[in-house]
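Asker: Sharing coords.txt here; it has compact mmCIF, C-alpha atoms and all ligand atoms.
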# COMPACT_ATOMS: atom_id res chain seq x y z
CA MET A 24 83.47 40.60 58.56
CA LYS A 25 82.12 43.45 60.66
CA LYS A 26 79.82 46.14 59.38
CA ILE A 27 79.44 49.31 61.46
CA THR A 28 76.34 51.40 61.03
CA ASN A 29 75.50 54.39 63.16
CA PRO A 30 71.73 54.35 63.79
CA ASP A 31 71.66 57.92 65.12
CA SER A 32 69.92 60.24 62.67
CA GLY A 33 71.95 63.43 62.59
CA LYS A 34 69.13 65.75 61.56
CA HIS A 35 68.52 67.07 65.05
CA ARG A 36 72.19 68.07 65.38
CA ARG A 37 72.10 70.51 62.49
CA GLY A 38 71.42 74.18 63.28
CA GLY A 39 72.39 76.61 60.53
CA LEU A 40 75.94 75.73 59.52
CA GLN A 41 76.57 73.80 62.72
CA TYR A 42 76.52 70.05 63.21
CA LEU A 43 76.96 69.33 66.89
CA LEU A 44 79.19 66.43 67.91
CA THR A 45 78.81 64.79 71.30
CA SER A 46 81.78 64.69 73.66
CA GLU A 47 81.75 60.88 73.29
CA GLU A 48 82.19 61.21 69.54
CA ILE A 49 85.08 63.64 69.94
CA GLN A 50 86.76 61.21 72.32
CA ARG A 51 85.98 58.22 70.10
CA TYR A 52 87.62 59.94 67.14
CA ARG A 53 90.79 60.32 69.21
CA ASP A 54 90.63 56.72 70.40
CA VAL A 55 89.68 54.70 67.34
CA GLY A 56 90.55 57.13 64.54
CA TYR A 57 87.21 57.32 62.72
CA LEU A 58 83.59 58.45 63.01
CA VAL A 59 80.39 57.93 61.04
CA LEU A 60 77.96 60.88 61.05
CA ASN A 61 74.48 60.61 59.57
CA ASP A 62 72.34 63.18 57.74
CA VAL A 63 74.95 65.88 57.70
CA LEU A 64 73.82 67.59 54.48
CA THR A 65 70.18 67.93 53.40
CA GLU A 66 68.99 66.74 50.00
CA GLU A 67 68.67 70.37 48.89
CA GLU A 68 72.30 71.03 49.87
CA MET A 69 73.49 67.83 48.19
CA SER A 70 71.85 68.87 44.94
CA THR A 71 74.11 71.95 44.78
CA ILE A 72 77.16 69.66 44.77
CA ASP A 73 75.96 67.01 42.27
CA PRO A 74 76.43 69.04 39.04
CA TRP A 75 80.00 69.98 39.98
CA PHE A 76 80.79 66.37 40.80
CA GLU A 77 79.46 65.20 37.43
CA HIS A 78 81.44 67.92 35.63
CA PHE A 79 84.74 66.75 37.10
CA ILE A 80 84.14 63.01 37.18
CA MET A 81 83.07 62.94 33.53
CA GLY A 82 86.38 64.60 32.65
CA LYS A 83 84.86 67.90 31.53
CA GLN A 84 87.30 70.16 33.43
CA PRO A 85 90.22 71.10 31.17
CA GLY A 86 93.84 71.50 32.26
CA MET A 87 93.96 68.95 35.09
CA GLU A 88 96.65 66.63 33.70
CA ARG A 89 97.39 63.99 36.40
CA ASP A 90 94.85 65.50 38.77
CA PHE A 91 92.25 63.69 36.69
CA CYS A 92 93.23 60.04 36.84
CA ASP A 93 92.30 56.51 37.82
CA MET A 94 93.56 55.84 41.36
CA SER A 95 93.62 52.09 40.74
CA GLN A 96 95.61 52.10 37.49
CA PRO A 97 98.77 53.72 36.08
CA TYR A 98 98.73 57.32 34.86
CA GLY A 99 97.90 57.53 31.18
CA THR A 100 95.08 54.97 31.33
CA PRO A 101 92.40 56.22 28.86
CA PHE A 102 89.18 57.51 30.44
CA GLU A 103 87.07 54.77 28.82
CA GLU A 104 89.10 52.23 30.83
CA PHE A 105 88.90 54.11 34.15
CA GLN A 106 87.52 52.19 37.11
CA LEU A 107 88.20 54.45 40.08
CA VAL A 108 87.83 58.01 38.83
CA ASN A 109 89.68 60.70 40.78
CA ALA A 110 89.52 64.47 40.37
CA MET A 111 91.97 66.22 42.70
CA LEU A 112 91.58 69.74 44.06
CA PRO A 113 88.26 70.67 42.41
CA SER A 114 88.06 74.13 43.97
CA HIS A 115 91.57 74.91 42.80
CA TYR A 116 90.41 74.35 39.23
CA ARG A 117 87.01 75.97 39.78
CA PRO A 118 87.30 78.58 42.56
CA GLU A 119 83.48 78.98 42.51
CA LEU A 120 83.51 75.82 44.61
CA LYS A 121 85.42 77.44 47.47
CA ASN A 122 83.46 77.79 50.69
CA ASN A 123 80.69 75.53 49.38
CA ILE A 124 78.15 74.11 51.81
CA PHE A 125 80.20 70.98 52.49
CA HIS A 126 83.27 73.12 53.25
CA GLN A 127 81.28 75.22 55.70
CA ILE A 128 79.74 72.33 57.62
CA SER A 129 82.86 70.17 57.64
CA GLN A 130 84.83 73.19 58.94
CA ASN A 131 82.40 73.42 61.85
CA ILE A 132 82.89 69.72 62.65
CA ALA A 133 86.69 69.91 62.22
CA ASP A 134 86.81 72.81 64.69
CA GLN A 135 85.02 70.66 67.27
CA LEU A 136 87.44 67.78 66.69
CA TYR A 137 90.50 70.02 66.95
CA PRO A 138 90.17 72.67 69.66
CA GLU A 139 93.99 72.57 70.13
CA GLY A 140 94.70 74.50 66.94
CA LYS A 141 93.35 75.97 63.71
CA ALA A 142 92.01 73.37 61.29
CA ALA A 143 91.97 74.34 57.60
CA ILE A 144 91.32 72.53 54.33
CA ASP A 145 94.53 70.98 53.10
CA TYR A 146 93.13 69.26 50.00
CA GLU A 147 89.99 67.80 48.52
CA GLN A 148 89.06 65.30 45.85
CA PHE A 149 86.05 63.85 44.04
CA LEU A 150 86.14 60.05 43.87
CA ALA A 151 83.83 57.75 41.92
CA LYS A 152 83.76 54.02 41.27
CA LYS A 153 82.21 53.12 37.95
CA PRO A 154 79.47 50.45 38.04
CA SER A 155 80.53 46.78 37.89
CA LYS A 156 84.25 47.47 38.31
CA GLU A 157 85.59 44.84 40.65
CA LYS A 158 89.08 46.29 40.43
CA ALA A 159 88.02 49.78 41.49
CA GLU A 160 89.77 49.17 44.77
CA PHE A 161 91.50 51.62 47.04
CA ALA A 162 94.47 49.64 48.30
CA MET A 163 94.80 49.56 52.11
CA HIS A 164 97.04 52.38 53.36
CA GLN A 165 97.59 55.02 56.02
CA ASP A 166 97.20 58.53 54.68
CA LEU A 167 100.37 59.63 56.41
CA GLY A 168 102.24 57.12 54.24
CA TYR A 169 101.42 59.31 51.22
CA TRP A 170 102.55 62.60 52.70
CA PRO A 171 105.86 64.26 53.58
CA LYS A 172 106.87 64.34 57.24
CA THR A 173 105.59 67.34 59.20
CA LYS A 174 105.86 68.25 62.88
CA ASN A 175 102.16 68.09 63.61
CA THR A 176 100.33 65.32 61.75
CA TRP A 177 96.76 65.98 62.97
CA THR A 178 94.25 65.29 60.21
CA ALA A 179 90.51 64.79 59.83
CA THR A 180 89.55 63.48 56.40
CA PHE A 181 85.86 63.81 55.63
CA SER A 182 84.20 61.62 53.02
CA LEU A 183 80.70 62.78 52.08
CA ALA A 184 78.58 60.11 50.35
CA LEU A 185 76.94 61.38 47.15
CA THR A 186 75.47 57.93 46.60
CA ASP A 187 74.61 55.42 49.31
CA SER A 188 77.75 53.38 49.86
CA ASP A 189 77.83 49.78 51.05
CA LEU A 190 79.87 46.61 50.79
CA GLU A 191 78.65 45.92 47.28
CA ASN A 192 79.76 49.20 45.75
CA GLY A 193 83.01 49.40 47.75
CA CYS A 194 82.43 51.54 50.85
CA LEU A 195 85.23 52.70 53.13
CA GLN A 196 86.81 50.02 55.32
CA VAL A 197 89.08 50.60 58.32
CA VAL A 198 91.22 48.68 60.80
CA PRO A 199 90.26 50.16 64.18
CA GLY A 200 93.17 50.48 66.57
CA SER A 201 95.75 50.76 63.78
CA ASN A 202 95.70 54.53 64.40
CA LYS A 203 97.39 53.87 67.75
CA GLU A 204 100.32 51.88 66.36
CA GLU A 205 103.58 53.49 67.35
CA LYS A 206 105.20 53.27 63.94
CA LEU A 207 103.71 53.98 60.57
CA ARG A 208 103.59 50.80 58.48
CA GLY A 209 105.82 50.48 55.40
CA HIS A 210 104.20 51.70 52.14
CA ARG A 211 105.26 50.71 48.63
CA PRO A 212 103.98 51.69 45.19
CA LYS A 213 101.22 49.37 44.00
CA GLY A 214 102.77 46.63 41.88
CA ALA A 215 106.22 46.99 43.50
CA VAL A 216 107.94 44.15 45.33
CA ALA A 217 106.83 43.62 48.95
CA HIS A 218 109.14 45.28 51.50
CA SER A 219 110.95 47.18 48.74
CA SER A 220 112.24 50.52 50.04
CA GLU A 221 112.31 52.12 46.61
CA VAL A 222 109.89 55.02 46.30
CA ASN A 223 108.79 55.43 42.69
CA ARG A 224 105.58 57.35 42.33
CA GLU A 225 106.00 58.40 38.74
CA ASP A 226 104.00 55.56 37.20
CA SER A 227 101.12 55.39 39.61
CA HIS A 228 100.11 57.40 42.64
CA THR A 229 98.84 54.43 44.61
CA LEU A 230 100.70 53.05 47.63
CA VAL A 231 99.98 49.81 49.44
CA ILE A 232 100.84 48.43 52.86
CA ASP A 233 101.25 44.84 53.89
CA MET A 234 98.36 43.83 56.11
CA LYS A 235 98.94 41.95 59.38
CA PRO A 236 97.18 38.62 60.02
CA THR A 237 95.65 40.19 63.15
CA ASP A 238 94.06 43.11 61.27
CA GLU A 239 90.31 43.12 61.70
CA ILE A 240 88.54 45.09 58.98
CA VAL A 241 85.27 46.88 59.64
CA TYR A 242 83.12 48.28 56.84
CA LEU A 243 81.51 51.70 57.09
CA PRO A 244 78.38 51.87 54.91
CA VAL A 245 76.73 55.32 54.74
CA LYS A 246 73.70 56.88 53.09
CA ARG A 247 73.82 59.84 50.68
CA GLY A 248 74.29 63.04 52.71
CA SER A 249 76.04 61.17 55.54
CA LEU A 250 79.78 60.98 56.03
CA THR A 251 82.77 59.23 57.51
CA ILE A 252 85.79 60.94 59.06
CA HIS A 253 89.15 59.22 59.46
CA ASP A 254 92.49 60.22 60.86
CA GLU A 255 95.93 60.16 59.26
CA ARG A 256 97.17 56.92 60.83
CA ILE A 257 94.23 54.54 60.55
CA VAL A 258 94.73 51.70 58.06
CA HIS A 259 91.92 51.98 55.53
CA GLY A 260 90.92 51.44 51.93
CA SER A 261 87.91 50.22 49.96
CA GLY A 262 86.93 47.28 47.79
CA GLY A 263 85.80 47.13 44.17
CA ASN A 264 82.33 47.99 42.93
CA THR A 265 80.32 44.84 42.16
CA SER A 266 76.97 46.70 41.99
CA ASN A 267 75.42 48.05 38.82
CA GLY A 268 75.46 51.65 40.11
CA TRP A 269 78.17 54.21 40.82
CA ARG A 270 79.72 54.88 44.21
CA LYS A 271 80.47 58.60 44.53
CA THR A 272 82.15 60.42 47.37
CA TYR A 273 83.56 63.89 48.06
CA VAL A 274 86.70 63.91 50.21
CA VAL A 275 87.87 67.01 52.13
CA ALA A 276 90.89 66.80 54.44
CA TYR A 277 91.57 69.19 57.30
CA ARG A 278 94.97 69.68 58.89
CA ASP A 279 96.54 72.26 61.15
CA GLU A 280 97.17 75.56 59.35
CA LYS A 281 100.86 75.38 60.24
CA THR A 282 101.17 71.86 58.83
CA ILE A 283 99.70 73.08 55.54
CA LYS A 284 102.27 75.90 55.42
CA GLU A 285 105.05 73.41 56.11
CA GLU A 286 103.86 71.13 53.28
CA ARG A 287 103.57 74.00 50.81
CA ALA A 288 107.12 75.12 51.68
CA MET A 289 108.25 71.64 50.50
CA GLY A 290 106.33 72.12 47.25
CA PHE A 291 103.64 69.65 48.27
CA THR A 292 100.09 70.71 47.41
CA HIS A 293 98.47 67.23 47.10
CA SER A 294 98.29 67.78 43.36
CA HIS A 295 99.46 64.77 41.37
CA ASN A 296 101.19 67.36 39.18
CA ASP A 297 103.53 68.43 42.03
CA LYS A 298 107.18 68.01 41.11
CA ILE A 299 108.31 66.20 44.25
CA ASN A 300 111.48 64.19 44.75
CA TRP A 301 110.01 61.66 47.17
CA ASN A 302 113.35 60.02 47.84
CA GLU A 303 114.52 63.31 49.39
CA ILE A 304 111.51 64.33 51.43
CA VAL A 305 109.91 61.09 52.64
O1 LIG B 1 86.60 56.27 50.04
C1 LIG B 1 87.44 55.48 49.61
O2 LIG B 1 87.15 54.60 48.81
C2 LIG B 1 88.86 55.57 50.09
C3 LIG B 1 89.33 56.98 50.21
C4 LIG B 1 90.59 57.11 50.95
O3 LIG B 1 91.37 56.20 51.06
C5 LIG B 1 90.92 58.39 51.57
O4 LIG B 1 90.15 59.34 51.45
O5 LIG B 1 91.98 58.47 52.23
Show the structure stored in the file as structure tokens.

Answerer:
Amino acid sequence: MKKITNPDSGKHRRGGLQYLLTSEEIQRYRDVGYLVLNDVLTEEEMSTIDPWFEHFIMGKQPGMERDFCDMSQPYGTPFEEFQLVNAMLPSHYRPELKNNIFHQISQNIADQLYPEGKAAIDYEQFLAKKPSKEKAEFAMHQDLGYWPKTKNTWTATFSLALTDSDLENGCLQVVPGSNKEEKLRGHRPKGAVAHSSEVNREDSHTLVIDMKPTDEIVYLPVKRGSLTIHDERIVHGSGGNTSNGWRKTYVVAYRDEKTIKEERAMGFTHSHNDKINWNEIV
């Protein structure tokens, strides 16, 4: 088991709404498909996000239907039984959240990672693992396995830690190098038969891949205010929460503006309420 920590404090890289990446980091992101950045948001900035996070994760936002769900269990699971709480598209439901401090700083970082085009927010989600929920797992997957095919797949998915995250509470884990595999691995709905080609995402949103015996997992623990970034092809997921505290994270994914337009034209908004015939568009 490998644990990757980045000892570099990021504080000195912040200037206004900028967080400066080094050229090595930009290259590393291209090569290995992930980055860990420390001290991206200050405690004062984090405290502007906390109340919104609590509002959504405690199920207080009306009208979300499947956008408020447990990502580790079938739709329809009652909130009291949730393990891995997911609130999709928070700033769609509460536009006051648009252009929040995390959006502004992550946009600055995304622009540095993607000088070839225009990076924009494709979707976002609040994720929380309840305390002592061993099954609050995020099954290993590649993000591209969840999305319809588009010409340009470039993606940078930011995950801002609202609580310290570590092995005990189920931090992000990745398989470095998997981002360079030529073919996307096969994905199947959680609970479906291995190697089944049937795509049925009506019962549960979660997809799973079959791991290879050669896959070497590395864990990415981060402190509150720090973040991880991963690309669309890296195999990743996270384990259950065996600690007695919550793990909370705020995910924002950037893609090329044109890719977002292409997705929307297919009716895909990353909402779990989208009416998508996956058998036609996968
Ligand atoms: O942070 C996690 O537990 C996993 C999130 C994830 O898989 C993703 O953002 O693509």

Asker: Counting all atoms listed in the file, which residues sit no farther than 6 Å from the position (104.4, 52.6, 46.9) in the file's frame? I'd like them as a list in words.

Answerer: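 Selection result: His210, Arg211, Pro212, Lys213, Leu230 and Val231 of chain A.
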
Asker: Take the residues from that selection and put them in a file with C-alpha atoms, as a short mmCIF file (atom, residue, chain, number, x, y, z; two decimals), in the frame of the given file.

Answerer:
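And here's out-v4.cif as it stands now:
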data_model
loop_
_atom_site.label_atom_id
_atom_site.label_comp_id
_atom_site.auth_asym_id
_atom_site.auth_seq_id
_atom_site.Cartn_x
_atom_site.Cartn_y
_atom_site.Cartn_z
CA HIS A 210 104.20 51.70 52.14
CA ARG A 211 105.26 50.71 48.63
CA PRO A 212 103.98 51.69 45.19
CA LYS A 213 101.22 49.37 44.00
CA LEU A 230 100.70 53.05 47.63
CA VAL A 231 99.98 49.81 49.44
#

Asker: Box in all listed atoms of segment 30-49 of chain A, axis-aligned, with 6 Å more on each side; write out centre and edge lengths in Å to one decimal as JSON.

Answerer:
{"center_x": 76.8, "center_y": 65.5, "center_z": 66.6, "size_x": 28.6, "size_y": 34.3, "size_z": 26.1}

Asker: If I take atom CA of Asn202 of chain A and atom CA of Gly56 of chain A, how far is one from the other in Å, to one decimal?

Answerer: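 Straight-line distance from atom CA of Asn202 of chain A to atom CA of Gly56 of chain A works out to 5.8 Å.
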
Asker: Give me the residues near Asp238 of chain A as an MDAnalysis selection string, where near means some atom within 10 Å (using only C-alpha atoms) and where sequence neighbours in that chain fewer than 4 positions away do not count.

Answerer: chainID A and resid 197:201 234 258

Asker: Please find the residues contacting ligand LIG 1 (chain B) at a distance of at most 7 Å between atoms, with only C-alpha atoms and all ligand atoms counted, and report them as a ChimeraX atom specification.

Answerer: /A:161,166,180,182,193-195,259-261,272,274

Asker: Which value, in Å to one decimal, gives the distance between atom CA of Ile240 of chain A and atom CA of Glu204 of chain A?

Answerer: 15.5 Å

Asker: Between atom CA of Ala159 of chain A and atom CA of Pro97 of chain A, what is the spacing in Å?

Answerer: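 The value is 12.7 Å.
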
Asker: Near segment 167-176 of chain A, counting all atoms listed in the file, which residues have an atom at most 8 Å away, once you skip same-chain residues fewer than 2 positions from it, shown as a list in words?

Answerer: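 That gives His164, Gln165, Thr178, Leu207, Arg208, Gly209, His210, Leu230, Glu255, Arg256, Arg278, Asp279, Thr282, Glu285, Glu286, Phe291, Ile304 and Val305 of chain A.
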
Asker: Excluding segment 84-93 of chain A and residues on its chain fewer than 3 positions from it, collect all residues at most 7 Å away from it, counting only C-alpha atoms, and give them as an MDAnalysis selection string.

Answerer: chainID A and resid 78:79 96 98 105:111 294:296

Asker: Fix up segment 164-193 of chain A with N, CA and C atoms, then write it as an mmCIF file, keeping the file's coordinate frame.

Answerer:
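Printed below is out_15.cif as written:
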data_model
loop_
_atom_site.group_PDB
_atom_site.id
_atom_site.type_symbol
_atom_site.label_atom_id
_atom_site.label_comp_id
_atom_site.auth_asym_id
_atom_site.auth_seq_id
_atom_site.Cartn_x
_atom_site.Cartn_y
_atom_site.Cartn_z
ATOM 1 N N HIS A 164 95.920 51.453 53.118
ATOM 2 C CA HIS A 164 97.040 52.380 53.360
ATOM 3 C C HIS A 164 96.764 53.210 54.604
ATOM 4 N N GLN A 165 97.759 53.962 55.008
ATOM 5 C CA GLN A 165 97.590 55.020 56.020
ATOM 6 C C GLN A 165 97.863 56.324 55.282
ATOM 7 N N ASP A 166 97.030 57.312 55.465
ATOM 8 C CA ASP A 166 97.200 58.530 54.680
ATOM 9 C C ASP A 166 98.579 59.156 54.891
ATOM 10 N N LEU A 167 99.065 59.050 56.107
ATOM 11 C CA LEU A 167 100.370 59.630 56.410
ATOM 12 C C LEU A 167 101.485 59.014 55.555
ATOM 13 N N GLY A 168 101.271 57.779 55.104
ATOM 14 C CA GLY A 168 102.240 57.120 54.240
ATOM 15 C C GLY A 168 102.385 57.810 52.887
ATOM 16 N N TYR A 169 101.406 58.617 52.514
ATOM 17 C CA TYR A 169 101.420 59.310 51.220
ATOM 18 C C TYR A 169 102.054 60.704 51.302
ATOM 19 N N TRP A 170 102.224 61.184 52.544
ATOM 20 C CA TRP A 170 102.550 62.600 52.700
ATOM 21 C C TRP A 170 103.949 62.803 53.260
ATOM 22 N N PRO A 171 104.541 63.984 52.982
ATOM 23 C CA PRO A 171 105.860 64.260 53.580
ATOM 24 C C PRO A 171 105.745 64.421 55.095
ATOM 25 N N LYS A 172 106.859 64.231 55.770
ATOM 26 C CA LYS A 172 106.870 64.340 57.240
ATOM 27 C C LYS A 172 106.668 65.790 57.658
ATOM 28 N N THR A 173 105.797 65.986 58.630
ATOM 29 C CA THR A 173 105.590 67.340 59.200
ATOM 30 C C THR A 173 105.591 67.191 60.717
ATOM 31 N N LYS A 174 105.778 68.327 61.405
ATOM 32 C CA LYS A 174 105.860 68.250 62.880
ATOM 33 C C LYS A 174 104.537 67.777 63.470
ATOM 34 N N ASN A 175 103.477 68.417 63.071
ATOM 35 C CA ASN A 175 102.160 68.090 63.610
ATOM 36 C C ASN A 175 101.413 67.322 62.517
ATOM 37 N N THR A 176 100.965 66.121 62.824
ATOM 38 C CA THR A 176 100.330 65.320 61.750
ATOM 39 C C THR A 176 98.804 65.345 61.834
ATOM 40 N N TRP A 177 98.216 66.065 62.773
ATOM 41 C CA TRP A 177 96.760 65.980 62.970
ATOM 42 C C TRP A 177 96.001 66.157 61.644
ATOM 43 N N THR A 178 95.051 65.268 61.436
ATOM 44 C CA THR A 178 94.250 65.290 60.210
ATOM 45 C C THR A 178 92.843 64.773 60.495
ATOM 46 N N ALA A 179 91.859 65.369 59.849
ATOM 47 C CA ALA A 179 90.510 64.790 59.830
ATOM 48 C C ALA A 179 90.055 64.795 58.373
ATOM 49 N N THR A 180 89.951 63.599 57.804
ATOM 50 C CA THR A 180 89.550 63.480 56.400
ATOM 51 C C THR A 180 88.084 63.096 56.319
ATOM 52 N N PHE A 181 87.304 63.995 55.747
ATOM 53 C CA PHE A 181 85.860 63.810 55.630
ATOM 54 C C PHE A 181 85.556 63.178 54.274
ATOM 55 N N SER A 182 84.622 62.230 54.283
ATOM 56 C CA SER A 182 84.200 61.620 53.020
ATOM 57 C C SER A 182 82.676 61.652 52.967
ATOM 58 N N LEU A 183 82.150 62.567 52.172
ATOM 59 C CA LEU A 183 80.700 62.780 52.080
ATOM 60 C C LEU A 183 80.123 61.892 50.976
ATOM 61 N N ALA A 184 79.163 61.028 51.343
ATOM 62 C CA ALA A 184 78.580 60.110 50.350
ATOM 63 C C ALA A 184 77.606 60.855 49.431
ATOM 64 N N LEU A 185 77.888 60.816 48.116
ATOM 65 C CA LEU A 185 76.940 61.380 47.150
ATOM 66 C C LEU A 185 75.963 60.320 46.674
ATOM 67 N N THR A 186 76.389 59.060 46.800
ATOM 68 C CA THR A 186 75.470 57.930 46.600
ATOM 69 C C THR A 186 75.528 57.128 47.892
ATOM 70 N N ASP A 187 74.501 56.350 48.188
ATOM 71 C CA ASP A 187 74.610 55.420 49.310
ATOM 72 C C ASP A 187 75.849 54.571 49.047
ATOM 73 N N SER A 188 76.609 54.279 50.103
ATOM 74 C CA SER A 188 77.750 53.380 49.860
ATOM 75 C C SER A 188 77.617 52.191 50.799
ATOM 76 N N ASP A 189 77.994 51.027 50.295
ATOM 77 C CA ASP A 189 77.830 49.780 51.050
ATOM 78 C C ASP A 189 78.913 48.795 50.603
ATOM 79 N N LEU A 190 78.824 47.594 51.112
ATOM 80 C CA LEU A 190 79.870 46.610 50.790
ATOM 81 C C LEU A 190 79.914 46.320 49.292
ATOM 82 N N GLU A 191 78.732 46.300 48.691
ATOM 83 C CA GLU A 191 78.650 45.920 47.280
ATOM 84 C C GLU A 191 79.327 46.938 46.359
ATOM 85 N N ASN A 192 79.137 48.218 46.658
ATOM 86 C CA ASN A 192 79.760 49.200 45.750
ATOM 87 C C ASN A 192 81.100 49.732 46.272
ATOM 88 N N GLY A 193 81.640 49.090 47.325
ATOM 89 C CA GLY A 193 83.010 49.400 47.750
ATOM 90 C C GLY A 193 83.109 50.564 48.716
#
